[in-house]
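Structure data (compact mmCIF, C-alpha atoms) from coords.txt:
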```txt
# COMPACT_ATOMS: atom_id res chain seq x y z
CA MET A 1 -15.87 -66.55 -95.15
CA ASN A 2 -12.67 -65.53 -93.42
CA GLN A 3 -13.28 -64.94 -89.70
CA TYR A 4 -11.75 -61.43 -89.75
CA LEU A 5 -14.13 -60.48 -92.50
CA GLN A 6 -17.03 -61.98 -90.56
CA LEU A 7 -16.06 -60.03 -87.44
CA PHE A 8 -15.82 -56.82 -89.43
CA SER A 9 -19.10 -57.28 -91.28
CA SER A 10 -21.00 -58.30 -88.13
CA PHE A 11 -19.89 -55.23 -86.21
CA ALA A 12 -20.28 -52.92 -89.21
CA LYS A 13 -23.85 -54.13 -89.51
CA ILE A 14 -24.46 -53.39 -85.83
CA GLY A 15 -22.77 -50.00 -86.18
CA SER A 16 -24.88 -49.06 -89.20
CA PHE A 17 -28.26 -49.93 -87.80
CA THR A 18 -28.35 -48.85 -84.18
CA ILE A 19 -29.60 -45.36 -83.69
CA GLY A 20 -29.46 -43.91 -80.19
CA GLY A 21 -26.06 -44.93 -78.91
CA GLY A 22 -24.48 -47.67 -76.83
CA TYR A 23 -27.40 -48.97 -74.83
CA ALA A 24 -29.55 -49.36 -77.93
CA MET A 25 -26.73 -51.47 -79.44
CA ILE A 26 -26.60 -54.11 -76.70
CA PRO A 27 -29.58 -56.23 -77.81
CA LEU A 28 -28.33 -56.16 -81.41
CA ILE A 29 -24.82 -57.15 -80.43
CA LYS A 30 -26.20 -60.00 -78.33
CA ALA A 31 -28.46 -61.24 -81.16
CA GLU A 32 -25.51 -61.24 -83.56
CA VAL A 33 -22.61 -62.62 -81.50
CA VAL A 34 -24.46 -64.92 -79.06
CA ASP A 35 -27.58 -66.13 -80.84
CA LYS A 36 -26.56 -66.05 -84.49
CA LYS A 37 -22.78 -66.52 -84.70
CA LYS A 38 -22.36 -68.28 -81.33
CA TRP A 39 -18.97 -66.61 -80.86
CA VAL A 40 -19.54 -66.18 -77.12
CA THR A 41 -21.94 -67.86 -74.68
CA ASP A 42 -24.72 -66.07 -72.83
CA ASN A 43 -22.71 -66.02 -69.61
CA GLU A 44 -19.58 -64.71 -71.29
CA PHE A 45 -21.62 -61.97 -72.91
CA ILE A 46 -23.06 -60.88 -69.56
CA ASP A 47 -19.54 -60.76 -68.10
CA PHE A 48 -18.18 -58.80 -71.08
CA LEU A 49 -21.06 -56.36 -70.80
CA ALA A 50 -20.59 -55.83 -67.06
CA ILE A 51 -16.86 -55.18 -67.44
CA SER A 52 -17.37 -52.96 -70.51
CA GLN A 53 -19.78 -50.85 -68.49
CA SER A 54 -17.34 -50.40 -65.64
CA ALA A 55 -14.33 -49.73 -67.87
CA PRO A 56 -13.91 -46.21 -69.24
CA GLY A 57 -14.69 -45.40 -72.86
CA ILE A 58 -17.43 -45.97 -75.39
CA LEU A 59 -19.56 -48.98 -74.43
CA ALA A 60 -20.08 -50.38 -77.94
CA ILE A 61 -16.35 -50.06 -78.70
CA ASN A 62 -15.44 -51.77 -75.42
CA ILE A 63 -17.71 -54.75 -76.11
CA SER A 64 -16.47 -55.15 -79.67
CA ILE A 65 -12.85 -55.08 -78.47
CA PHE A 66 -13.68 -57.84 -75.96
CA ILE A 67 -15.38 -60.07 -78.50
CA GLY A 68 -12.76 -59.45 -81.19
CA GLU A 69 -10.02 -60.26 -78.68
CA LYS A 70 -11.70 -63.50 -77.61
CA LEU A 71 -12.00 -64.65 -81.21
CA LYS A 72 -8.81 -63.49 -82.85
CA GLY A 73 -6.58 -61.75 -80.30
CA THR A 74 -5.42 -58.14 -80.61
CA LYS A 75 -5.83 -58.11 -84.39
CA GLY A 76 -9.40 -59.33 -83.99
CA SER A 77 -10.14 -56.59 -81.48
CA ILE A 78 -8.92 -53.91 -83.90
CA ILE A 79 -11.05 -55.34 -86.72
CA ALA A 80 -14.18 -55.52 -84.52
CA ALA A 81 -13.77 -51.96 -83.19
CA LEU A 82 -13.13 -50.69 -86.72
CA GLY A 83 -16.36 -52.35 -87.83
CA THR A 84 -18.31 -50.64 -85.05
CA ALA A 85 -16.81 -47.19 -85.63
CA LEU A 86 -16.53 -47.02 -89.43
CA PRO A 87 -20.22 -46.61 -90.43
CA SER A 88 -20.76 -43.66 -88.06
CA PHE A 89 -17.37 -42.22 -88.97
CA ILE A 90 -18.22 -42.12 -92.67
CA MET A 91 -21.72 -40.79 -92.13
CA ILE A 92 -20.70 -38.04 -89.69
CA LEU A 93 -17.74 -37.08 -91.84
CA LEU A 94 -20.08 -36.50 -94.79
CA ILE A 95 -22.43 -34.49 -92.59
CA ALA A 96 -19.55 -32.44 -91.13
CA MET A 97 -18.30 -31.61 -94.63
CA PHE A 98 -21.62 -30.10 -95.65
CA PHE A 99 -23.32 -29.10 -92.43
CA GLN A 100 -21.31 -25.94 -91.79
CA THR A 101 -22.49 -24.44 -95.09
CA PHE A 102 -25.89 -26.05 -94.67
CA ARG A 103 -26.35 -24.38 -91.27
CA GLU A 104 -26.43 -20.92 -92.85
CA ASN A 105 -29.59 -21.91 -94.70
CA ARG A 106 -32.67 -20.17 -93.19
CA ILE A 107 -34.87 -23.29 -93.20
CA VAL A 108 -32.20 -25.52 -91.66
CA ASN A 109 -31.60 -22.82 -89.09
CA SER A 110 -35.24 -22.67 -88.01
CA ILE A 111 -35.48 -26.48 -87.86
CA PHE A 112 -32.45 -26.63 -85.58
CA ALA A 113 -33.77 -23.74 -83.48
CA GLY A 114 -36.66 -26.07 -82.66
CA ILE A 115 -34.44 -29.11 -82.12
CA ARG A 116 -31.95 -27.54 -79.68
CA PRO A 117 -34.26 -27.14 -76.66
CA ALA A 118 -35.57 -30.67 -77.29
CA VAL A 119 -32.01 -32.04 -77.13
CA VAL A 120 -31.57 -30.46 -73.70
CA ALA A 121 -34.79 -32.19 -72.59
CA LEU A 122 -33.53 -35.53 -73.95
CA ILE A 123 -30.42 -35.21 -71.78
CA ALA A 124 -32.42 -34.15 -68.71
CA VAL A 125 -34.98 -36.99 -68.79
CA PRO A 126 -32.64 -39.92 -67.94
CA LEU A 127 -31.62 -38.00 -64.80
CA ILE A 128 -34.90 -38.97 -63.13
CA SER A 129 -34.53 -42.72 -63.62
CA LEU A 130 -30.78 -42.60 -62.89
CA SER A 131 -31.36 -40.80 -59.58
CA LYS A 132 -34.01 -43.33 -58.60
CA GLY A 133 -31.79 -46.26 -59.57
CA ALA A 134 -28.74 -44.97 -57.72
CA ASN A 135 -30.32 -45.41 -54.24
CA LEU A 136 -28.95 -42.15 -52.96
CA ASN A 137 -29.28 -41.34 -49.24
CA ARG A 138 -29.17 -37.98 -47.51
CA TYR A 139 -25.36 -37.81 -47.76
CA THR A 140 -24.69 -39.42 -51.13
CA SER A 141 -27.36 -37.25 -52.80
CA LEU A 142 -25.03 -34.31 -52.10
CA ILE A 143 -22.45 -35.80 -54.49
CA PRO A 144 -24.34 -35.03 -57.74
CA VAL A 145 -25.22 -31.55 -56.42
CA ILE A 146 -21.60 -30.75 -55.53
CA SER A 147 -20.46 -32.16 -58.91
CA VAL A 148 -22.81 -29.77 -60.72
CA LEU A 149 -21.59 -26.80 -58.67
CA LEU A 150 -17.96 -27.64 -59.42
CA ILE A 151 -18.45 -28.25 -63.15
CA VAL A 152 -21.01 -25.57 -64.04
CA PHE A 153 -20.08 -22.69 -61.72
CA LEU A 154 -16.41 -23.21 -60.96
CA GLU A 155 -15.69 -24.62 -64.45
CA ILE A 156 -13.66 -27.46 -62.97
CA SER A 157 -12.99 -30.25 -65.45
CA PRO A 158 -15.34 -33.25 -65.08
CA ILE A 159 -12.17 -35.38 -65.13
CA TRP A 160 -11.18 -34.10 -61.66
CA VAL A 161 -14.70 -34.62 -60.38
CA ILE A 162 -14.63 -38.24 -61.60
CA ILE A 163 -11.25 -38.82 -59.95
CA ALA A 164 -12.58 -37.30 -56.71
CA GLY A 165 -15.63 -39.60 -56.89
CA ALA A 166 -13.42 -42.67 -57.34
CA LEU A 167 -11.21 -41.63 -54.39
CA LEU A 168 -14.30 -41.05 -52.25
CA GLY A 169 -15.52 -44.56 -53.10
CA LEU A 170 -12.13 -46.07 -52.23
CA PHE A 171 -11.92 -44.08 -49.00
CA HIS A 172 -15.41 -45.18 -47.98
CA TYR A 173 -14.54 -48.82 -48.68
CA PHE A 174 -11.28 -48.48 -46.72
CA LEU A 175 -13.16 -47.07 -43.72
CA THR A 176 -15.89 -49.73 -43.72
CA LYS A 177 -13.31 -52.49 -44.17
CA ARG A 178 -11.26 -51.19 -41.25
CA GLY A 179 -14.50 -50.84 -39.28
CA HIS A 180 -15.21 -54.52 -39.89
CA ILE A 181 -11.76 -55.56 -38.72
CA ASN A 182 -12.11 -53.44 -35.57
CA ASN A 183 -15.56 -54.88 -34.89
CA ASN A 184 -14.26 -58.40 -35.38
CA LYS A 185 -11.40 -57.72 -32.98
CA LYS A 186 -13.83 -56.44 -30.38
CA GLU A 187 -16.04 -59.48 -30.82
CA ASN A 188 -13.12 -61.86 -30.59
CA GLY A 189 -11.44 -60.07 -27.71
CA MET B 1 0.00 -27.89 -82.83
CA ILE B 2 -3.67 -28.48 -83.49
CA TYR B 3 -3.39 -32.20 -84.30
CA LEU B 4 -1.52 -32.95 -81.08
CA ASN B 5 -4.07 -30.95 -79.08
CA LEU B 6 -6.92 -32.79 -80.76
CA PHE B 7 -5.30 -36.14 -80.00
CA ILE B 8 -4.64 -35.37 -76.33
CA THR B 9 -8.13 -33.93 -75.83
CA PHE B 10 -9.99 -36.92 -77.25
CA PHE B 11 -7.65 -39.41 -75.58
CA LYS B 12 -8.51 -37.78 -72.24
CA ILE B 13 -12.23 -37.90 -73.07
CA GLY B 14 -11.98 -41.62 -73.91
CA LEU B 15 -9.99 -42.34 -70.77
CA PHE B 16 -12.33 -40.61 -68.33
CA THR B 17 -15.74 -41.48 -69.72
CA PHE B 18 -17.72 -43.56 -67.27
CA GLY B 19 -21.46 -44.11 -67.42
CA GLY B 20 -22.19 -43.95 -71.14
CA GLY B 21 -22.87 -41.40 -73.85
CA TYR B 22 -24.79 -38.80 -71.86
CA ALA B 23 -22.08 -38.63 -69.21
CA MET B 24 -19.55 -38.25 -72.02
CA ILE B 25 -21.36 -35.12 -73.28
CA SER B 26 -20.25 -33.23 -70.19
CA LEU B 27 -16.58 -34.14 -70.76
CA ILE B 28 -16.65 -33.30 -74.46
CA GLN B 29 -18.43 -30.03 -73.73
CA ASN B 30 -15.90 -29.01 -71.08
CA GLU B 31 -12.94 -29.71 -73.36
CA VAL B 32 -14.27 -28.68 -76.76
CA VAL B 33 -16.62 -25.77 -75.95
CA VAL B 34 -15.29 -24.35 -72.66
CA ASN B 35 -11.53 -24.99 -72.72
CA HIS B 36 -10.53 -24.98 -76.38
CA GLN B 37 -13.55 -23.10 -77.78
CA TRP B 38 -13.28 -25.10 -80.98
CA ILE B 39 -17.06 -24.89 -81.47
CA ASP B 40 -19.82 -22.93 -79.67
CA ALA B 41 -22.64 -24.30 -77.50
CA ALA B 42 -25.25 -24.08 -80.29
CA GLU B 43 -23.11 -26.06 -82.75
CA PHE B 44 -22.36 -28.59 -80.02
CA THR B 45 -26.09 -29.02 -79.40
CA ASP B 46 -26.58 -29.57 -83.14
CA ILE B 47 -23.93 -32.31 -83.08
CA ILE B 48 -25.77 -34.05 -80.24
CA ALA B 49 -29.01 -33.83 -82.23
CA ILE B 50 -27.32 -35.26 -85.32
CA SER B 51 -25.74 -38.01 -83.20
CA GLN B 52 -29.14 -38.97 -81.86
CA MET B 53 -30.55 -39.32 -85.35
CA THR B 54 -27.65 -41.12 -87.02
CA PRO B 55 -26.39 -44.60 -86.19
CA GLY B 56 -23.46 -45.20 -83.90
CA PRO B 57 -22.19 -44.16 -80.48
CA ILE B 58 -22.28 -40.46 -79.62
CA GLY B 59 -18.60 -40.54 -78.60
CA ILE B 60 -17.55 -41.61 -82.10
CA ASN B 61 -19.94 -39.17 -83.74
CA SER B 62 -18.75 -36.12 -81.82
CA ALA B 63 -15.06 -37.03 -82.19
CA THR B 64 -15.50 -37.38 -85.95
CA TYR B 65 -17.44 -34.12 -86.23
CA VAL B 66 -15.21 -32.00 -84.00
CA GLY B 67 -12.07 -33.43 -85.61
CA TYR B 68 -13.31 -32.25 -88.98
CA ALA B 69 -14.66 -28.89 -87.75
CA VAL B 70 -11.34 -28.02 -86.12
CA THR B 71 -8.91 -29.06 -88.87
CA ASP B 72 -11.12 -28.95 -91.99
CA SER B 73 -9.60 -32.27 -92.94
CA VAL B 74 -10.47 -35.96 -92.96
CA TRP B 75 -7.22 -36.63 -91.07
CA GLY B 76 -8.37 -34.53 -88.13
CA SER B 77 -11.58 -36.52 -88.08
CA ALA B 78 -9.75 -39.85 -88.17
CA LEU B 79 -7.23 -38.76 -85.54
CA ALA B 80 -9.88 -37.61 -83.03
CA THR B 81 -11.89 -40.82 -83.54
CA PHE B 82 -8.79 -42.97 -83.11
CA ALA B 83 -7.80 -41.02 -79.98
CA VAL B 84 -11.19 -41.45 -78.31
CA CYS B 85 -11.03 -45.26 -78.86
CA LEU B 86 -7.36 -45.77 -77.94
CA PRO B 87 -7.80 -45.83 -74.12
CA SER B 88 -10.50 -48.50 -74.55
CA PHE B 89 -8.03 -50.69 -76.43
CA ILE B 90 -5.33 -50.37 -73.83
CA ILE B 91 -7.70 -50.93 -70.91
CA ILE B 92 -9.92 -53.68 -72.36
CA LEU B 93 -6.95 -55.67 -73.67
CA LEU B 94 -5.35 -55.40 -70.24
CA ILE B 95 -8.58 -56.50 -68.57
CA ALA B 96 -9.03 -59.39 -71.01
CA PHE B 97 -5.56 -60.47 -69.87
CA LEU B 98 -6.27 -60.06 -66.14
CA TYR B 99 -9.93 -61.04 -66.50
CA LYS B 100 -10.52 -62.85 -63.19
CA GLN B 101 -8.66 -60.39 -60.99
CA PHE B 102 -10.61 -57.46 -62.40
CA LYS B 103 -13.98 -59.14 -62.09
CA GLU B 104 -13.62 -59.89 -58.42
CA ASN B 105 -11.66 -56.86 -57.30
CA LYS B 106 -13.34 -55.11 -54.38
CA TRP B 107 -11.29 -51.92 -54.81
CA THR B 108 -12.39 -51.50 -58.43
CA GLU B 109 -15.96 -51.95 -57.30
CA ALA B 110 -15.50 -49.39 -54.51
CA ALA B 111 -14.07 -46.78 -56.92
CA LEU B 112 -16.93 -47.37 -59.36
CA ASN B 113 -19.46 -46.97 -56.55
CA GLY B 114 -17.96 -43.56 -55.86
CA ILE B 115 -18.17 -42.59 -59.54
CA LYS B 116 -21.86 -43.56 -59.90
CA PRO B 117 -23.39 -40.51 -58.12
CA VAL B 118 -20.85 -38.26 -59.89
CA VAL B 119 -22.17 -39.48 -63.26
CA ILE B 120 -25.61 -38.12 -62.33
CA GLY B 121 -23.95 -34.77 -61.64
CA LEU B 122 -22.11 -34.91 -64.98
CA ILE B 123 -25.30 -35.46 -66.96
CA ALA B 124 -27.08 -32.69 -65.03
CA SER B 125 -24.15 -30.35 -65.76
CA ALA B 126 -24.30 -31.18 -69.46
CA ALA B 127 -28.00 -30.27 -69.52
CA ILE B 128 -27.52 -27.05 -67.50
CA MET B 129 -24.58 -25.88 -69.61
CA LEU B 130 -26.64 -26.28 -72.77
CA VAL B 131 -29.18 -23.78 -71.44
CA THR B 132 -27.60 -20.85 -73.27
CA PRO B 133 -29.14 -17.79 -74.94
CA GLU B 134 -28.41 -19.36 -78.37
CA ASN B 135 -30.28 -22.57 -77.51
CA PHE B 136 -33.10 -20.79 -75.64
CA PRO B 137 -33.61 -17.44 -77.40
CA ASP B 138 -37.25 -16.96 -76.32
CA TRP B 139 -40.31 -18.43 -74.55
CA LYS B 140 -41.12 -20.65 -77.55
CA SER B 141 -37.96 -22.65 -76.97
CA TRP B 142 -39.03 -23.27 -73.36
CA ILE B 143 -42.39 -24.58 -74.58
CA ILE B 144 -40.52 -26.96 -76.91
CA PHE B 145 -38.27 -28.01 -74.00
CA LEU B 146 -41.25 -28.79 -71.73
CA GLY B 147 -43.11 -30.56 -74.53
CA ALA B 148 -40.07 -32.71 -75.38
CA PHE B 149 -39.51 -33.49 -71.71
CA ALA B 150 -43.15 -34.57 -71.20
CA ALA B 151 -43.22 -36.58 -74.44
CA THR B 152 -40.07 -38.49 -73.48
CA TRP B 153 -40.82 -39.01 -69.79
CA TRP B 154 -44.58 -39.62 -69.70
CA GLY B 155 -45.23 -40.39 -73.35
CA LYS B 156 -42.19 -42.72 -73.62
CA LEU B 157 -41.69 -41.34 -77.13
CA ASN B 158 -38.37 -42.35 -78.65
CA PRO B 159 -35.68 -39.65 -79.05
CA ILE B 160 -35.72 -39.71 -82.85
CA LYS B 161 -39.45 -38.95 -82.96
CA VAL B 162 -38.98 -36.18 -80.39
CA ILE B 163 -36.24 -34.57 -82.49
CA VAL B 164 -38.26 -34.84 -85.70
CA ALA B 165 -41.32 -33.30 -83.99
CA ALA B 166 -39.19 -30.50 -82.52
CA GLY B 167 -37.68 -29.85 -85.95
CA ILE B 168 -41.13 -29.51 -87.49
CA LEU B 169 -42.18 -27.15 -84.68
CA GLY B 170 -39.00 -25.11 -85.25
CA TYR B 171 -39.80 -24.82 -88.93
CA ILE B 172 -43.32 -23.57 -88.13
CA LEU B 173 -42.42 -21.26 -85.22
CA TYR B 174 -39.18 -19.63 -86.42
```
Now, as a test, write the supplied structure out as structure tokens.
Amino acid sequence: MNQYLQLFSSFAKIGSFTIGGGYAMIPLIKAEVVDKKKWVTDNEFIDFLAISQSAPGILAINISIFIGEKLKGTKGSIIAALGTALPSFIMILLIAMFFQTFRENRIVNSIFAGIRPAVVALIAVPLISLSKGANLNRYTSLIPVISVLLIVFLEISPIWVIIAGALLGLFHYFLTKRGHINNNKKENG
Amino acid sequence: MIYLNLFITFFKIGLFTFGGGYAMISLIQNEVVVNHQWIDAAEFTDIIAISQMTPGPIGINSATYVGYAVTDSVWGSALATFAVCLPSFIIILLIAFLYKQFKENKWTEAALNGIKPVVIGLIASAAIMLVTPENFPDWKSWIIFLGAFAATWWGKLNPIKVIVAAGILGYILY
């Protein structure tokens, strides 16, 4: 089979069968591209994953672009990303076409009335493990609190808050780096 | 020009999403519900529920849905989905090119360290902003919220089962 077609069908398969978003996709992507097709090695995959997580955008799309690029250049990356996105695109498009009329239905309405508060809980739960994993101290734990105040109460775009966070990180690194140089100078002098 | 607006909005969302799908919810919500008012908070919550139950990344799912809801056309759907992926292409292809430099860059790492605690704030904001009178009309919805929270956190129940159970409860209670 043509390698473009293989790329497309592999990623379309992954896109069609992973429910629950990017993180649920990772083990499937690994099984397909590392273990089965041997397109990338274990180490390469770990690198791709780490960079995809730090780059902006949708995780699954980022990884498929990486793997497609490695195999077949820019064209390969387009094919792989298309494979990942197309199954959900088609399914959601069909739902979108009918859901707005469907929503008026009394039964559908009561089902979704039950689902909505549960969705809020599903978003709130990962906050606990994320906060534990982030190793926040007395000062850095203020950052999420201030972010919430800015976004929820002052209606400032999350984009500005993200940019501010990045600048804060850079500033902190700049200060500690300069601190090191100063300390070294003192030690040497 | 609705198509241009849609493109710019989802391009921005794709460009500034760090920290995965849940962090993305806050960005999409701010743009789509608060700024442009293309859909309301209840419909947005429904999209998240549908995204959780259907395959694929939530970013793709919401772009596809909102694109259609706003323009009533397949083209709007395709445009929004393309726009949300485009920044990834530009950035990942650039990184693939400058692979080594990116991997070992201390400044990139420092910026990402600053973003990490912000991501927690983004997800918390998304949850708080979904606590609206439409999503929580009465005490029964708070019971469902607490039940879903406990089932996910202590019971380690997977999200699909939680949504299905909540749907059944909704059907019985409302």
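Reported to one decimal place, the separation of CA of Ser88 in chain B from CA of Asn43 in chain A is 21.9 Å.
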- Which of B:Ser51, B:Asn113, B:Gln29, B:Thr108 sits closest to Gly165 in chain A [using all atoms listed in the file]: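 Of B:Ser51, B:Asn113, B:Gln29, B:Thr108, the one nearest Gly165 in chain A, counting all atoms listed in the file, is B:Asn113.
Each of A:Gln100, A:Gln3, A:Asn137, A:Ser147 was compared to chain B using all atoms listed in the file, and A:Ser147 turns out to be the nearest.
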- Task: Find the residues near Gly67 in chain B: any atom within 7 Å, counting all atoms listed in the file, skip ones fewer than 2 places away on the same chain, and give them as JSON, numbers by chain.
- Result: {"B": [63, 64, 65, 69, 70, 71, 76, 77, 80]}
- Query: For Ile63 in chain A, which residue among A:Met91, A:Val161, A:Ala166, A:Ala81 is the nearest when counting only C-alpha atoms?
  - Reply: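 Ranking A:Met91, A:Val161, A:Ala166, A:Ala81 by distance to Ile63 in chain A, first place goes to A:Ala81.
Using all atoms listed in the file, the shortest contact distance between Tyr3 in chain B and any of B:Trp153, B:Trp75, B:Trp38, B:Tyr22 is found at B:Trp75.
Note that CA of Leu7 in chain A and CA of Gly68 in chain A are 7.1 Å apart.
Distance-wise, CA of Ala110 in chain B and CA of Gly169 in chain A end up 5.0 Å apart.
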Report as a compact mmCIF listing (two decimals) with C-alpha atoms, in the coordinates of the input all protein, DNA and RNA residues lying within 10 Å of Ile67 in chain A, evaluated on all atoms listed in the file, omitting residues in the same chain fewer than 4 positions from it.
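That gives us around_3.txt:
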```txt
# COMPACT_ATOMS: atom_id res chain seq x y z
CA LEU A 7 -16.06 -60.03 -87.44
CA VAL A 33 -22.61 -62.62 -81.50
CA TRP A 39 -18.97 -66.61 -80.86
CA VAL A 40 -19.54 -66.18 -77.12
CA GLU A 44 -19.58 -64.71 -71.29
CA PHE A 45 -21.62 -61.97 -72.91
CA PHE A 48 -18.18 -58.80 -71.08
CA ASN A 62 -15.44 -51.77 -75.42
CA ILE A 63 -17.71 -54.75 -76.11
CA LEU A 71 -12.00 -64.65 -81.21
CA LYS A 72 -8.81 -63.49 -82.85
CA GLY A 73 -6.58 -61.75 -80.30
CA GLY A 76 -9.40 -59.33 -83.99
CA SER A 77 -10.14 -56.59 -81.48
CA ALA A 80 -14.18 -55.52 -84.52
CA ALA A 81 -13.77 -51.96 -83.19
CA ALA B 96 -9.03 -59.39 -71.01
```
- Compute the distance from (-16.0, -55.7, -49.3) to each atom, counting all atoms listed in the file, keep the residues with any atom at most 12 Å away, and return them as a PyMOL selection string; use the coordinates of the file. (chain A and resi 169-170+172-181) or (chain B and resi 104-111+113)
Around the point (-15.1, -27.6, -74.5) (coordinates from the file), which residues reach within 12 Å if we count only C-alpha atoms? Answer as an mmCIF file with C-alpha atoms, in the frame of the given file.
```
data_model
loop_
_atom_site.group_PDB
_atom_site.id
_atom_site.type_symbol
_atom_site.label_atom_id
_atom_site.label_comp_id
_atom_site.auth_asym_id
_atom_site.auth_seq_id
_atom_site.Cartn_x
_atom_site.Cartn_y
_atom_site.Cartn_z
ATOM 1 C CA ILE A 151 -18.450 -28.250 -63.150
ATOM 2 C CA GLU A 155 -15.690 -24.620 -64.450
ATOM 3 C CA ILE A 156 -13.660 -27.460 -62.970
ATOM 4 C CA SER A 157 -12.990 -30.250 -65.450
ATOM 5 C CA PRO A 158 -15.340 -33.250 -65.080
ATOM 6 C CA LEU B 6 -6.920 -32.790 -80.760
ATOM 7 C CA THR B 9 -8.130 -33.930 -75.830
ATOM 8 C CA PHE B 10 -9.990 -36.920 -77.250
ATOM 9 C CA ILE B 13 -12.230 -37.900 -73.070
ATOM 10 C CA MET B 24 -19.550 -38.250 -72.020
ATOM 11 C CA ILE B 25 -21.360 -35.120 -73.280
ATOM 12 C CA SER B 26 -20.250 -33.230 -70.190
ATOM 13 C CA LEU B 27 -16.580 -34.140 -70.760
ATOM 14 C CA ILE B 28 -16.650 -33.300 -74.460
ATOM 15 C CA GLN B 29 -18.430 -30.030 -73.730
ATOM 16 C CA ASN B 30 -15.900 -29.010 -71.080
ATOM 17 C CA GLU B 31 -12.940 -29.710 -73.360
ATOM 18 C CA VAL B 32 -14.270 -28.680 -76.760
ATOM 19 C CA VAL B 33 -16.620 -25.770 -75.950
ATOM 20 C CA VAL B 34 -15.290 -24.350 -72.660
ATOM 21 C CA ASN B 35 -11.530 -24.990 -72.720
ATOM 22 C CA HIS B 36 -10.530 -24.980 -76.380
ATOM 23 C CA GLN B 37 -13.550 -23.100 -77.780
ATOM 24 C CA TRP B 38 -13.280 -25.100 -80.980
ATOM 25 C CA ILE B 39 -17.060 -24.890 -81.470
ATOM 26 C CA ASP B 40 -19.820 -22.930 -79.670
ATOM 27 C CA ALA B 41 -22.640 -24.300 -77.500
ATOM 28 C CA GLU B 43 -23.110 -26.060 -82.750
ATOM 29 C CA PHE B 44 -22.360 -28.590 -80.020
ATOM 30 C CA SER B 62 -18.750 -36.120 -81.820
ATOM 31 C CA VAL B 66 -15.210 -32.000 -84.000
ATOM 32 C CA ALA B 126 -24.300 -31.180 -69.460
ATOM 33 C CA MET B 129 -24.580 -25.880 -69.610
ATOM 34 C CA LEU B 130 -26.640 -26.280 -72.770
#
```
- Message: List as an MDAnalysis selection string the protein and nucleic acid residues near range 154-168 of chain B, meaning an atom at most 12 Å away when only C-alpha atoms are counted, but skip any in the same chain fewer than 2 places from it.
- Response: (chainID A and resid 18:21 24 107:123 125:126 128) or (chainID B and resid 45:46 48:55 140:152 170:174)
Could you save those same residues with C-alpha atoms as a tab-separated table (two decimals), in the frame of the given file?
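This is the output file out_33.tsv:
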```tsv
chain	number	residue	atom	x	y	z
A	18	THR	CA	-28.35	-48.85	-84.18
A	19	ILE	CA	-29.60	-45.36	-83.69
A	20	GLY	CA	-29.46	-43.91	-80.19
A	21	GLY	CA	-26.06	-44.93	-78.91
A	24	ALA	CA	-29.55	-49.36	-77.93
A	107	ILE	CA	-34.87	-23.29	-93.20
A	108	VAL	CA	-32.20	-25.52	-91.66
A	109	ASN	CA	-31.60	-22.82	-89.09
A	110	SER	CA	-35.24	-22.67	-88.01
A	111	ILE	CA	-35.48	-26.48	-87.86
A	112	PHE	CA	-32.45	-26.63	-85.58
A	113	ALA	CA	-33.77	-23.74	-83.48
A	114	GLY	CA	-36.66	-26.07	-82.66
A	115	ILE	CA	-34.44	-29.11	-82.12
A	116	ARG	CA	-31.95	-27.54	-79.68
A	117	PRO	CA	-34.26	-27.14	-76.66
A	118	ALA	CA	-35.57	-30.67	-77.29
A	119	VAL	CA	-32.01	-32.04	-77.13
A	120	VAL	CA	-31.57	-30.46	-73.70
A	121	ALA	CA	-34.79	-32.19	-72.59
A	122	LEU	CA	-33.53	-35.53	-73.95
A	123	ILE	CA	-30.42	-35.21	-71.78
A	125	VAL	CA	-34.98	-36.99	-68.79
A	126	PRO	CA	-32.64	-39.92	-67.94
A	128	ILE	CA	-34.90	-38.97	-63.13
B	45	THR	CA	-26.09	-29.02	-79.40
B	46	ASP	CA	-26.58	-29.57	-83.14
B	48	ILE	CA	-25.77	-34.05	-80.24
B	49	ALA	CA	-29.01	-33.83	-82.23
B	50	ILE	CA	-27.32	-35.26	-85.32
B	51	SER	CA	-25.74	-38.01	-83.20
B	52	GLN	CA	-29.14	-38.97	-81.86
B	53	MET	CA	-30.55	-39.32	-85.35
B	54	THR	CA	-27.65	-41.12	-87.02
B	55	PRO	CA	-26.39	-44.60	-86.19
B	140	LYS	CA	-41.12	-20.65	-77.55
B	141	SER	CA	-37.96	-22.65	-76.97
B	142	TRP	CA	-39.03	-23.27	-73.36
B	143	ILE	CA	-42.39	-24.58	-74.58
B	144	ILE	CA	-40.52	-26.96	-76.91
B	145	PHE	CA	-38.27	-28.01	-74.00
B	146	LEU	CA	-41.25	-28.79	-71.73
B	147	GLY	CA	-43.11	-30.56	-74.53
B	148	ALA	CA	-40.07	-32.71	-75.38
B	149	PHE	CA	-39.51	-33.49	-71.71
B	150	ALA	CA	-43.15	-34.57	-71.20
B	151	ALA	CA	-43.22	-36.58	-74.44
B	152	THR	CA	-40.07	-38.49	-73.48
B	170	GLY	CA	-39.00	-25.11	-85.25
B	171	TYR	CA	-39.80	-24.82	-88.93
B	172	ILE	CA	-43.32	-23.57	-88.13
B	173	LEU	CA	-42.42	-21.26	-85.22
B	174	TYR	CA	-39.18	-19.63	-86.42
```
- Message: When you count all atoms listed in the file, which of these residues is closest to chain A: B:Trp139, B:Phe7, B:Tyr99, B:Phe16?
- Response: B:Phe16
- Pick the closest to Met97 in chain A from B:Ile123, B:Leu4, B:Ala23, B:Val74: which is it, counting only C-alpha atoms? B:Val74
